[in-house]
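As structure tokens, the structure follows; a few thoughts come after it.
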Amino acid sequence: MVIVMAPGATQADIDSVVDTVRSAGGEAFVSRGVSRTIVGLVGDVDRFSALNLRSRSGVSDVVRISVPYKLVSREHHRERSQVLVGGVPVGGSAVTLIAGPCSVETPEQTLAAARMARAAGASILRGGAFKPRTSPYAFQGLGEAGLKILADVRQEVGLPVVTEVVDPASVDLVASYADMLQVGTRNMQNFALLQAVGSAGKPVLLKRGMNATIQEWLMAAEYIAQRGNLDIVLCERGIRTFETATRNTLDISAVPVVQRLSHLPVIIDPSHSGGHRDLVLPLTRAALAVGADGVIVDVHPDPASALCDGDQALAGRDIADLADVMTTMPAMLGRTLAPAPEQAAAGV
Ligand code: PEP
Ligand code: MN
């Protein structure tokens, strides 16, 4: 059962609901989103029904949810959610381009990639400082030094930053630099990490596990929501199939399926799914056409020298082509490209 609080509900209203549920032997988890707070109840549903919580001050609705992912489900929240990342919208009528290097390598490389991202129409910068690599001998990322580079580049270029966090112990550190925390495919079911990012007070980009069903993915999102954070963006980044011609198989149907099941925004990663730069623009067009709320794209000033995933990084002429897609396609679909923060402030 989920209690949807009214937009004007006070902290005292919320506390009163939580206290009532607890005194009835239940547990209540408060989750805050951009526009509303919801309280998920765990325990005896019939007993909760008898509490007549709907009549409480500040309560907008009380909903019984039939699916196991309650807080992120669309059953209790028909409208699709919008998440703000450093003021940049993801979801709603916006289509958001997130772009940047796979890994932060040097200040110069990161700054150049961020300028490419902006030129392509991006309003959020991506870049990994902690890299979850399949091989222990591969470049593992610069760690905190990489976070500092991202913070400097944010200052210079004006784009909020999303970067990956790979273990619960470094969540506070990463959250102190980043505007959004990324949980990667290999960590989608790292439940301690999901709980930690749920408590970190920053929006979360949750990538789909490469072997995960959509239900498992939504349950992972529920772990984050249950810890109080509804500012979650889902990212389809390709799944493992028998096909070897692409790095992963982009499950394009995941977008409308997730949008039917959940109110959370969903974006696509055409770089990590296709695994090759030639596929990034076609998959981006497919992502926008199917209704994705955005794309996250790897770019690099010199892909041949990239320490990670150079084959899939856009460069040179590709940036103008991506900009062309991002300026023309959203309008055809009745949507608008999310502007970068200063442009938004200037009303451009
Ligand atoms: C990434 O975005 O840098 C990344 C490692 O992605 P994924 O977790 O989807 O492989
Ligand atoms: Mn990568």
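We label chains A, B, ... in the order they appear in the structure tokens, count residues from 1 in each chain, and number ligands from 1 in the order shown.
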Taking only segment 29-245 of chain A into account, list the residues labelled helix (DSSP H, G or I) by DSSP (computed from the backbone), as a short mmCIF file (atom, residue, chain, number, x, y, z; two decimals) with N, CA, C and O atoms, in the first residue's frame.
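Contents of result_17.cif, freshly written:
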data_model
loop_
_atom_site.label_atom_id
_atom_site.label_comp_id
_atom_site.auth_asym_id
_atom_site.auth_seq_id
_atom_site.Cartn_x
_atom_site.Cartn_y
_atom_site.Cartn_z
N VAL A 45 -2.08 -5.16 5.28
CA VAL A 45 -2.82 -4.18 4.47
C VAL A 45 -4.23 -3.94 5.02
O VAL A 45 -4.72 -2.81 5.03
N ASP A 46 -4.87 -5.01 5.51
CA ASP A 46 -6.24 -4.84 6.03
C ASP A 46 -6.23 -3.92 7.26
O ASP A 46 -7.12 -3.10 7.46
N ARG A 47 -5.20 -4.09 8.07
CA ARG A 47 -5.08 -3.22 9.25
C ARG A 47 -4.86 -1.77 8.84
O ARG A 47 -5.44 -0.85 9.41
N PHE A 48 -4.04 -1.57 7.79
CA PHE A 48 -3.81 -0.20 7.31
C PHE A 48 -5.11 0.41 6.78
O PHE A 48 -5.39 1.59 6.99
N SER A 49 -5.91 -0.42 6.09
CA SER A 49 -7.17 0.10 5.52
C SER A 49 -8.06 0.64 6.62
O SER A 49 -8.75 1.65 6.46
N LEU A 53 -6.48 6.33 6.52
CA LEU A 53 -5.42 7.32 6.30
C LEU A 53 -5.79 8.36 5.25
O LEU A 53 -5.26 9.48 5.26
N ARG A 54 -6.72 8.02 4.38
CA ARG A 54 -7.11 8.95 3.31
C ARG A 54 -7.65 10.27 3.87
O ARG A 54 -7.54 11.32 3.25
N SER A 55 -8.23 10.20 5.07
CA SER A 55 -8.84 11.42 5.63
C SER A 55 -7.82 12.29 6.37
O SER A 55 -8.15 13.36 6.86
N PRO A 107 42.64 16.32 -17.48
CA PRO A 107 41.80 17.52 -17.52
C PRO A 107 41.53 17.97 -18.95
O PRO A 107 40.41 18.34 -19.29
N GLU A 108 42.57 17.91 -19.81
CA GLU A 108 42.41 18.39 -21.19
C GLU A 108 41.42 17.53 -21.95
O GLU A 108 40.55 18.03 -22.67
N GLN A 109 41.57 16.20 -21.82
CA GLN A 109 40.65 15.28 -22.53
C GLN A 109 39.22 15.47 -22.06
O GLN A 109 38.28 15.47 -22.86
N THR A 110 39.03 15.67 -20.76
CA THR A 110 37.67 15.79 -20.22
C THR A 110 37.05 17.11 -20.66
O THR A 110 35.87 17.15 -21.06
N LEU A 111 37.85 18.18 -20.64
CA LEU A 111 37.33 19.48 -21.08
C LEU A 111 36.98 19.44 -22.56
O LEU A 111 35.90 19.91 -22.97
N ALA A 112 37.85 18.84 -23.36
CA ALA A 112 37.57 18.76 -24.80
C ALA A 112 36.30 17.94 -25.04
O ALA A 112 35.44 18.33 -25.86
N ALA A 113 36.16 16.83 -24.33
CA ALA A 113 34.97 15.99 -24.50
C ALA A 113 33.71 16.74 -24.05
O ALA A 113 32.65 16.63 -24.68
N ALA A 114 33.83 17.52 -22.98
CA ALA A 114 32.67 18.27 -22.48
C ALA A 114 32.25 19.33 -23.50
O ALA A 114 31.05 19.57 -23.70
N ARG A 115 33.22 19.93 -24.16
CA ARG A 115 32.87 20.93 -25.19
C ARG A 115 32.20 20.25 -26.38
O ARG A 115 31.27 20.79 -26.97
N MET A 116 32.68 19.04 -26.72
CA MET A 116 32.03 18.28 -27.79
C MET A 116 30.59 17.95 -27.38
O MET A 116 29.66 18.02 -28.19
N ALA A 117 30.43 17.55 -26.11
CA ALA A 117 29.09 17.20 -25.61
C ALA A 117 28.16 18.39 -25.77
O ALA A 117 27.04 18.27 -26.28
N ARG A 118 28.62 19.56 -25.35
CA ARG A 118 27.78 20.77 -25.45
C ARG A 118 27.46 21.10 -26.89
O ARG A 118 26.32 21.45 -27.22
N ALA A 119 28.46 20.94 -27.75
CA ALA A 119 28.24 21.24 -29.17
C ALA A 119 27.19 20.30 -29.76
O ALA A 119 26.45 20.67 -30.68
N ALA A 120 27.11 19.10 -29.23
CA ALA A 120 26.12 18.14 -29.74
C ALA A 120 24.72 18.39 -29.18
O ALA A 120 23.76 17.76 -29.62
N GLU A 144 39.24 9.69 -7.02
CA GLU A 144 38.88 11.05 -6.59
C GLU A 144 39.52 12.12 -7.48
O GLU A 144 38.91 13.18 -7.72
N ALA A 145 40.71 11.84 -7.99
CA ALA A 145 41.35 12.82 -8.89
C ALA A 145 40.44 13.05 -10.11
O ALA A 145 40.33 14.18 -10.62
N GLY A 146 39.79 12.00 -10.57
CA GLY A 146 38.86 12.13 -11.70
C GLY A 146 37.62 12.94 -11.32
O GLY A 146 37.11 13.73 -12.12
N LEU A 147 37.15 12.77 -10.09
CA LEU A 147 35.99 13.55 -9.63
C LEU A 147 36.33 15.04 -9.60
O LEU A 147 35.52 15.89 -9.96
N LYS A 148 37.57 15.34 -9.19
CA LYS A 148 37.99 16.75 -9.14
C LYS A 148 38.04 17.34 -10.55
O LYS A 148 37.63 18.49 -10.77
N ILE A 149 38.53 16.54 -11.49
CA ILE A 149 38.56 17.02 -12.88
C ILE A 149 37.13 17.30 -13.36
O ILE A 149 36.84 18.34 -13.97
N LEU A 150 36.22 16.39 -13.05
CA LEU A 150 34.82 16.60 -13.46
C LEU A 150 34.25 17.88 -12.86
O LEU A 150 33.55 18.64 -13.53
N ALA A 151 34.57 18.12 -11.58
CA ALA A 151 34.05 19.33 -10.93
C ALA A 151 34.62 20.58 -11.59
O ALA A 151 33.90 21.57 -11.79
N ASP A 152 35.92 20.55 -11.94
CA ASP A 152 36.52 21.70 -12.61
C ASP A 152 35.89 21.93 -13.99
O ASP A 152 35.62 23.07 -14.38
N VAL A 153 35.67 20.84 -14.70
CA VAL A 153 35.10 20.96 -16.05
C VAL A 153 33.64 21.44 -15.98
O VAL A 153 33.20 22.23 -16.81
N ARG A 154 32.94 20.99 -14.96
CA ARG A 154 31.56 21.49 -14.76
C ARG A 154 31.57 23.01 -14.63
O ARG A 154 30.76 23.71 -15.22
N GLN A 155 32.53 23.49 -13.84
CA GLN A 155 32.67 24.94 -13.63
C GLN A 155 32.93 25.66 -14.95
O GLN A 155 32.35 26.69 -15.24
N GLU A 156 33.80 25.07 -15.74
CA GLU A 156 34.22 25.69 -17.00
C GLU A 156 33.12 25.65 -18.07
O GLU A 156 32.88 26.62 -18.77
N VAL A 157 32.43 24.51 -18.17
CA VAL A 157 31.51 24.31 -19.29
C VAL A 157 30.05 24.51 -18.89
O VAL A 157 29.18 24.74 -19.73
N PRO A 168 29.35 0.83 -1.96
CA PRO A 168 28.67 1.68 -0.97
C PRO A 168 29.63 2.60 -0.24
O PRO A 168 29.27 3.74 0.08
N ALA A 169 30.88 2.16 -0.02
CA ALA A 169 31.82 2.96 0.78
C ALA A 169 32.16 4.28 0.10
O ALA A 169 32.55 5.23 0.78
N SER A 170 32.07 4.35 -1.23
CA SER A 170 32.45 5.62 -1.89
C SER A 170 31.25 6.48 -2.30
O SER A 170 31.43 7.49 -2.98
N VAL A 171 30.05 6.11 -1.87
CA VAL A 171 28.87 6.89 -2.26
C VAL A 171 28.96 8.34 -1.77
O VAL A 171 28.72 9.29 -2.53
N ASP A 172 29.33 8.55 -0.51
CA ASP A 172 29.37 9.92 0.02
C ASP A 172 30.41 10.76 -0.72
O ASP A 172 30.17 11.92 -1.03
N LEU A 173 31.56 10.15 -1.00
CA LEU A 173 32.61 10.86 -1.73
C LEU A 173 32.11 11.26 -3.12
O LEU A 173 32.21 12.43 -3.52
N VAL A 174 31.56 10.31 -3.86
CA VAL A 174 31.10 10.61 -5.22
C VAL A 174 29.97 11.64 -5.18
O VAL A 174 29.93 12.58 -5.97
N ALA A 175 29.07 11.48 -4.19
CA ALA A 175 27.93 12.42 -4.09
C ALA A 175 28.40 13.83 -3.76
O ALA A 175 27.72 14.80 -4.08
N SER A 176 29.57 13.95 -3.13
CA SER A 176 30.04 15.30 -2.78
C SER A 176 30.54 16.06 -4.02
O SER A 176 30.69 17.27 -3.98
N TYR A 177 30.80 15.35 -5.12
CA TYR A 177 31.23 16.00 -6.36
C TYR A 177 30.14 16.00 -7.44
O TYR A 177 30.07 16.93 -8.24
N THR A 185 25.66 -1.33 -15.06
CA THR A 185 25.00 -2.61 -15.34
C THR A 185 25.48 -3.73 -14.42
O THR A 185 24.72 -4.58 -13.99
N ARG A 186 26.79 -3.71 -14.11
CA ARG A 186 27.37 -4.80 -13.31
C ARG A 186 26.97 -4.70 -11.85
O ARG A 186 27.19 -5.65 -11.08
N ASN A 187 26.43 -3.58 -11.45
CA ASN A 187 26.04 -3.37 -10.06
C ASN A 187 24.54 -3.24 -9.85
O ASN A 187 24.11 -2.87 -8.77
N PHE A 191 22.71 -4.73 -3.84
CA PHE A 191 21.62 -4.15 -3.05
C PHE A 191 22.13 -3.15 -2.01
O PHE A 191 21.46 -2.15 -1.74
N ALA A 192 23.30 -3.41 -1.45
CA ALA A 192 23.85 -2.44 -0.48
C ALA A 192 24.15 -1.12 -1.18
O ALA A 192 23.94 -0.04 -0.62
N LEU A 193 24.63 -1.20 -2.42
CA LEU A 193 24.91 0.03 -3.17
C LEU A 193 23.61 0.76 -3.51
O LEU A 193 23.51 1.99 -3.39
N LEU A 194 22.59 0.01 -3.89
CA LEU A 194 21.29 0.64 -4.21
C LEU A 194 20.74 1.36 -2.99
O LEU A 194 20.25 2.50 -3.08
N GLN A 195 20.85 0.73 -1.83
CA GLN A 195 20.35 1.38 -0.61
C GLN A 195 21.16 2.62 -0.29
O GLN A 195 20.62 3.66 0.11
N ALA A 196 22.47 2.52 -0.50
CA ALA A 196 23.34 3.68 -0.18
C ALA A 196 23.03 4.85 -1.11
O ALA A 196 22.93 6.00 -0.65
N VAL A 197 22.84 4.62 -2.40
CA VAL A 197 22.53 5.75 -3.29
C VAL A 197 21.12 6.26 -3.02
O VAL A 197 20.82 7.44 -3.24
N GLY A 198 20.27 5.39 -2.52
CA GLY A 198 18.91 5.82 -2.16
C GLY A 198 18.91 6.82 -1.00
O GLY A 198 17.98 7.60 -0.85
N ILE A 214 13.13 -6.96 -17.00
CA ILE A 214 12.59 -5.62 -16.69
C ILE A 214 12.06 -5.61 -15.26
O ILE A 214 12.23 -4.63 -14.52
N GLN A 215 11.44 -6.71 -14.84
CA GLN A 215 10.94 -6.73 -13.45
C GLN A 215 12.08 -6.62 -12.44
O GLN A 215 11.98 -5.90 -11.44
N GLU A 216 13.20 -7.33 -12.71
CA GLU A 216 14.35 -7.23 -11.78
C GLU A 216 14.90 -5.81 -11.75
O GLU A 216 15.33 -5.30 -10.71
N TRP A 217 14.90 -5.18 -12.91
CA TRP A 217 15.39 -3.79 -13.02
C TRP A 217 14.50 -2.86 -12.18
O TRP A 217 14.99 -2.03 -11.42
N LEU A 218 13.20 -3.03 -12.30
CA LEU A 218 12.29 -2.17 -11.53
C LEU A 218 12.39 -2.47 -10.03
O LEU A 218 12.24 -1.57 -9.20
N MET A 219 12.65 -3.72 -9.68
CA MET A 219 12.84 -4.04 -8.26
C MET A 219 14.12 -3.37 -7.73
O MET A 219 14.18 -2.94 -6.58
N ALA A 220 15.14 -3.30 -8.59
CA ALA A 220 16.37 -2.59 -8.18
C ALA A 220 16.07 -1.12 -7.94
O ALA A 220 16.53 -0.52 -6.96
N ALA A 221 15.25 -0.52 -8.83
CA ALA A 221 14.85 0.88 -8.64
C ALA A 221 14.07 1.03 -7.34
O ALA A 221 14.20 2.03 -6.62
N GLU A 222 13.27 0.02 -7.02
CA GLU A 222 12.46 0.07 -5.80
C GLU A 222 13.36 0.13 -4.55
O GLU A 222 13.03 0.80 -3.57
N TYR A 223 14.50 -0.55 -4.59
CA TYR A 223 15.46 -0.46 -3.47
C TYR A 223 15.88 0.99 -3.22
O TYR A 223 16.02 1.42 -2.08
N ILE A 224 16.10 1.72 -4.31
CA ILE A 224 16.53 3.12 -4.19
C ILE A 224 15.37 3.96 -3.66
O ILE A 224 15.52 4.76 -2.73
N ALA A 225 14.19 3.75 -4.26
CA ALA A 225 13.01 4.53 -3.86
C ALA A 225 12.67 4.28 -2.40
O ALA A 225 12.30 5.20 -1.66
N GLN A 226 12.81 3.02 -1.97
CA GLN A 226 12.42 2.68 -0.60
C GLN A 226 13.28 3.39 0.42
O GLN A 226 12.85 3.61 1.55
#
Would you mind listing the residues within 10 Å of ligand 2, counting only C-alpha atoms and all ligand atoms, as a ChimeraX atom specification? /A:101-103,127-128,131-133,184,271-272,275,297-298,307-313
Residues of the last selection are to be written out with all heavy atoms, as a CSV table (one decimal), in the first residue's frame.
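Output contents, as saved in result36.csv:
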chain,number,residue,atom,x,y,z
A,101,PRO,N,33.0,11.6,-22.0
A,101,PRO,CA,33.9,10.5,-22.2
A,101,PRO,C,33.5,9.3,-21.4
A,101,PRO,O,32.8,9.4,-20.4
A,101,PRO,CB,35.2,11.0,-21.7
A,101,PRO,CG,34.9,12.0,-20.7
A,101,PRO,CD,33.6,12.7,-21.1
A,102,CYS,N,33.8,8.1,-21.9
A,102,CYS,CA,33.6,6.9,-21.1
A,102,CYS,C,34.3,7.1,-19.7
A,102,CYS,O,33.7,7.0,-18.7
A,102,CYS,CB,34.1,5.7,-21.8
A,102,CYS,SG,34.0,4.2,-20.7
A,103,SER,N,35.6,7.4,-19.8
A,103,SER,CA,36.4,7.6,-18.6
A,103,SER,C,37.0,9.0,-18.6
A,103,SER,O,37.4,9.5,-19.6
A,103,SER,CB,37.6,6.7,-18.5
A,103,SER,OG,37.2,5.4,-18.7
A,127,GLY,N,30.9,11.0,-17.4
A,127,GLY,CA,32.4,10.7,-17.4
A,127,GLY,C,32.7,9.8,-16.1
A,127,GLY,O,32.2,10.1,-15.0
A,128,GLY,N,33.4,8.7,-16.3
A,128,GLY,CA,33.6,7.8,-15.2
A,128,GLY,C,34.9,8.1,-14.6
A,128,GLY,O,36.0,8.2,-15.2
A,131,LYS,N,35.8,3.2,-12.5
A,131,LYS,CA,35.4,2.3,-13.6
A,131,LYS,C,35.3,0.9,-13.2
A,131,LYS,O,36.2,0.3,-12.7
A,131,LYS,CB,36.4,2.4,-14.8
A,131,LYS,CG,36.6,3.8,-15.4
A,131,LYS,CD,35.3,4.4,-16.0
A,131,LYS,CE,34.7,3.5,-17.1
A,131,LYS,NZ,33.4,4.1,-17.5
A,132,PRO,N,34.1,0.3,-13.4
A,132,PRO,CA,34.0,-1.2,-13.1
A,132,PRO,C,34.4,-2.0,-14.3
A,132,PRO,O,33.7,-2.2,-15.3
A,132,PRO,CB,32.4,-1.3,-12.9
A,132,PRO,CG,31.9,-0.3,-13.8
A,132,PRO,CD,32.9,0.8,-14.0
A,133,ARG,N,35.7,-2.4,-14.3
A,133,ARG,CA,36.2,-3.1,-15.5
A,133,ARG,C,36.2,-4.6,-15.4
A,133,ARG,O,36.5,-5.1,-14.3
A,133,ARG,CB,37.7,-2.6,-15.8
A,133,ARG,CG,37.8,-1.1,-16.0
A,133,ARG,CD,36.9,-0.5,-17.0
A,133,ARG,NE,37.2,-1.1,-18.4
A,133,ARG,CZ,38.2,-0.6,-19.2
A,133,ARG,NH1,38.9,0.4,-18.8
A,133,ARG,NH2,38.4,-1.1,-20.3
A,184,GLY,N,26.0,1.2,-12.5
A,184,GLY,CA,26.2,0.6,-13.8
A,184,GLY,C,25.6,-0.8,-13.8
A,184,GLY,O,25.1,-1.3,-12.9
A,271,SER,N,25.7,3.8,-27.0
A,271,SER,CA,27.1,3.6,-27.1
A,271,SER,C,27.5,2.2,-26.5
A,271,SER,O,28.1,1.4,-27.2
A,271,SER,CB,27.9,4.7,-26.4
A,271,SER,OG,27.5,5.9,-26.8
A,272,HIS,N,27.0,1.9,-25.3
A,272,HIS,CA,27.4,0.7,-24.7
A,272,HIS,C,26.5,-0.5,-25.2
A,272,HIS,O,26.9,-1.6,-25.1
A,272,HIS,CB,27.2,0.7,-23.1
A,272,HIS,CG,28.3,1.5,-22.5
A,272,HIS,ND1,28.3,2.9,-22.4
A,272,HIS,CD2,29.5,1.2,-22.0
A,272,HIS,CE1,29.4,3.4,-21.9
A,272,HIS,NE2,30.2,2.3,-21.6
A,275,GLY,N,28.1,-0.6,-29.1
A,275,GLY,CA,29.6,-0.9,-28.9
A,275,GLY,C,30.4,-0.4,-30.1
A,275,GLY,O,31.6,-0.6,-30.1
A,297,VAL,N,25.5,9.3,-24.4
A,297,VAL,CA,26.4,9.0,-25.5
A,297,VAL,C,27.9,9.2,-25.1
A,297,VAL,O,28.2,10.2,-24.5
A,297,VAL,CB,26.0,9.8,-26.7
A,297,VAL,CG1,27.0,9.7,-27.8
A,297,VAL,CG2,24.6,9.5,-27.1
A,298,ASP,N,28.8,8.3,-25.5
A,298,ASP,CA,30.2,8.5,-25.3
A,298,ASP,C,30.8,9.4,-26.4
A,298,ASP,O,30.5,9.1,-27.6
A,298,ASP,CB,30.9,7.1,-25.4
A,298,ASP,CG,30.8,6.3,-24.2
A,298,ASP,OD1,30.0,6.6,-23.3
A,298,ASP,OD2,31.5,5.2,-24.1
A,307,LEU,N,41.4,5.4,-23.2
A,307,LEU,CA,41.8,4.3,-22.2
A,307,LEU,C,40.7,3.3,-22.0
A,307,LEU,O,40.8,2.3,-21.4
A,307,LEU,CB,42.2,4.9,-20.9
A,307,LEU,CG,43.5,5.8,-20.9
A,307,LEU,CD1,43.8,6.4,-19.6
A,307,LEU,CD2,44.7,5.0,-21.5
A,308,CYS,N,39.5,3.7,-22.5
A,308,CYS,CA,38.3,2.8,-22.3
A,308,CYS,C,37.3,3.1,-23.4
A,308,CYS,O,37.0,4.2,-23.7
A,308,CYS,CB,37.7,3.2,-20.9
A,308,CYS,SG,36.3,2.1,-20.5
A,309,ASP,N,36.8,2.0,-24.1
A,309,ASP,CA,35.7,2.1,-25.0
A,309,ASP,C,35.9,3.1,-26.2
A,309,ASP,O,34.9,3.7,-26.6
A,309,ASP,CB,34.4,2.4,-24.2
A,309,ASP,CG,33.9,1.2,-23.4
A,309,ASP,OD1,34.5,0.1,-23.6
A,309,ASP,OD2,33.0,1.4,-22.6
A,310,GLY,N,37.1,3.2,-26.7
A,310,GLY,CA,37.3,4.1,-27.8
A,310,GLY,C,36.5,3.8,-29.1
A,310,GLY,O,36.1,4.7,-29.8
A,311,ASP,N,36.2,2.5,-29.3
A,311,ASP,CA,35.5,2.1,-30.5
A,311,ASP,C,34.1,2.7,-30.6
A,311,ASP,O,33.5,2.8,-31.7
A,311,ASP,CB,35.3,0.6,-30.6
A,311,ASP,CG,36.7,-0.1,-30.8
A,311,ASP,OD1,37.6,0.6,-31.2
A,311,ASP,OD2,36.7,-1.4,-30.7
A,312,GLN,N,33.5,3.0,-29.5
A,312,GLN,CA,32.1,3.4,-29.5
A,312,GLN,C,32.0,4.9,-29.3
A,312,GLN,O,30.9,5.5,-29.3
A,312,GLN,CB,31.3,2.7,-28.4
A,312,GLN,CG,31.7,3.0,-27.0
A,312,GLN,CD,31.2,2.1,-26.0
A,312,GLN,OE1,31.1,0.9,-26.2
A,312,GLN,NE2,30.8,2.6,-24.8
A,313,ALA,N,33.2,5.6,-29.2
A,313,ALA,CA,33.1,7.1,-28.9
A,313,ALA,C,32.9,7.9,-30.2
A,313,ALA,O,33.6,7.6,-31.2
A,313,ALA,CB,34.4,7.5,-28.2
At a cut-off of 12 Å, using only C-alpha atoms, what residues contact Arg335 of chain A? Leave out same-chain residues fewer than 4 positions from it and give the result as a list in words. Val90, Gly91, Gly92, Ser93, Ala94, Val95, Thr96, Leu288, Ala289, Gly291, Ala292, Asp293, Gly294, Met326, Thr327, Thr328, Met329, Pro330 and Ala331 of chain A
Measuring between only C-alpha atoms and all ligand atoms, which one of A:Val104, A:Val21, A:Leu41, A:Val257 shows the shortest distance to ligand 1?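 Selected residue with least distance to ligand 1: A:Val104.
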Residues at most 9 Å from Thr20 of chain A, counting only C-alpha atoms, excluding those fewer than 5 positions away in the same chain, as a VMD selection string? chain A and resid 15 25 to 26 51 53
Write the residues of the selection above to a file with C-alpha atoms, as an mmCIF file, in the first residue's frame.
data_model
loop_
_atom_site.group_PDB
_atom_site.id
_atom_site.type_symbol
_atom_site.label_atom_id
_atom_site.label_comp_id
_atom_site.auth_asym_id
_atom_site.auth_seq_id
_atom_site.Cartn_x
_atom_site.Cartn_y
_atom_site.Cartn_z
ATOM 1 C CA ASP A 15 5.313 12.323 10.517
ATOM 2 C CA GLY A 25 2.591 -2.570 13.766
ATOM 3 C CA GLY A 26 3.623 -1.605 10.226
ATOM 4 C CA LEU A 51 -6.734 3.383 9.800
ATOM 5 C CA LEU A 53 -5.416 7.317 6.302
#
Proximity to ligand 1 - best of A:Glu27, A:Glu236, A:Glu243, A:Asp324, only C-alpha atoms and all ligand atoms: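 Of A:Glu27, A:Glu236, A:Glu243, A:Asp324, the one nearest ligand 1 is A:Glu236, counting only C-alpha atoms and all ligand atoms.
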Write out as a PyMOL selection string each polymer residue whose atoms come within 6 Å of Leu205 of chain A, counting only C-alpha atoms; drop sequence neighbours fewer than 6 positions from it. chain A and resi 182+232-234
Determine, counting only C-alpha atoms, which protein, DNA and RNA residues have an atom within 7 Å of an atom of segment 260-264 of chain A; residues of the same chain fewer than 6 positions away are not included. Present the result as a ChimeraX atom specification. /A:72-74,77-81,232-234
From the DSSP assignment of the backbone, select every residue of segment 132-295 of chain A that is strand (DSSP E), and format the answer as a list in words. Val161, Val162, Thr163, Glu164, Met180, Leu181, Gln182, Val183, Val204, Leu205, Leu206, Lys207, Ile232, Val233, Leu234, Cys235, Glu236, Val266, Ile267, Ile268, Gly294 and Val295 of chain A
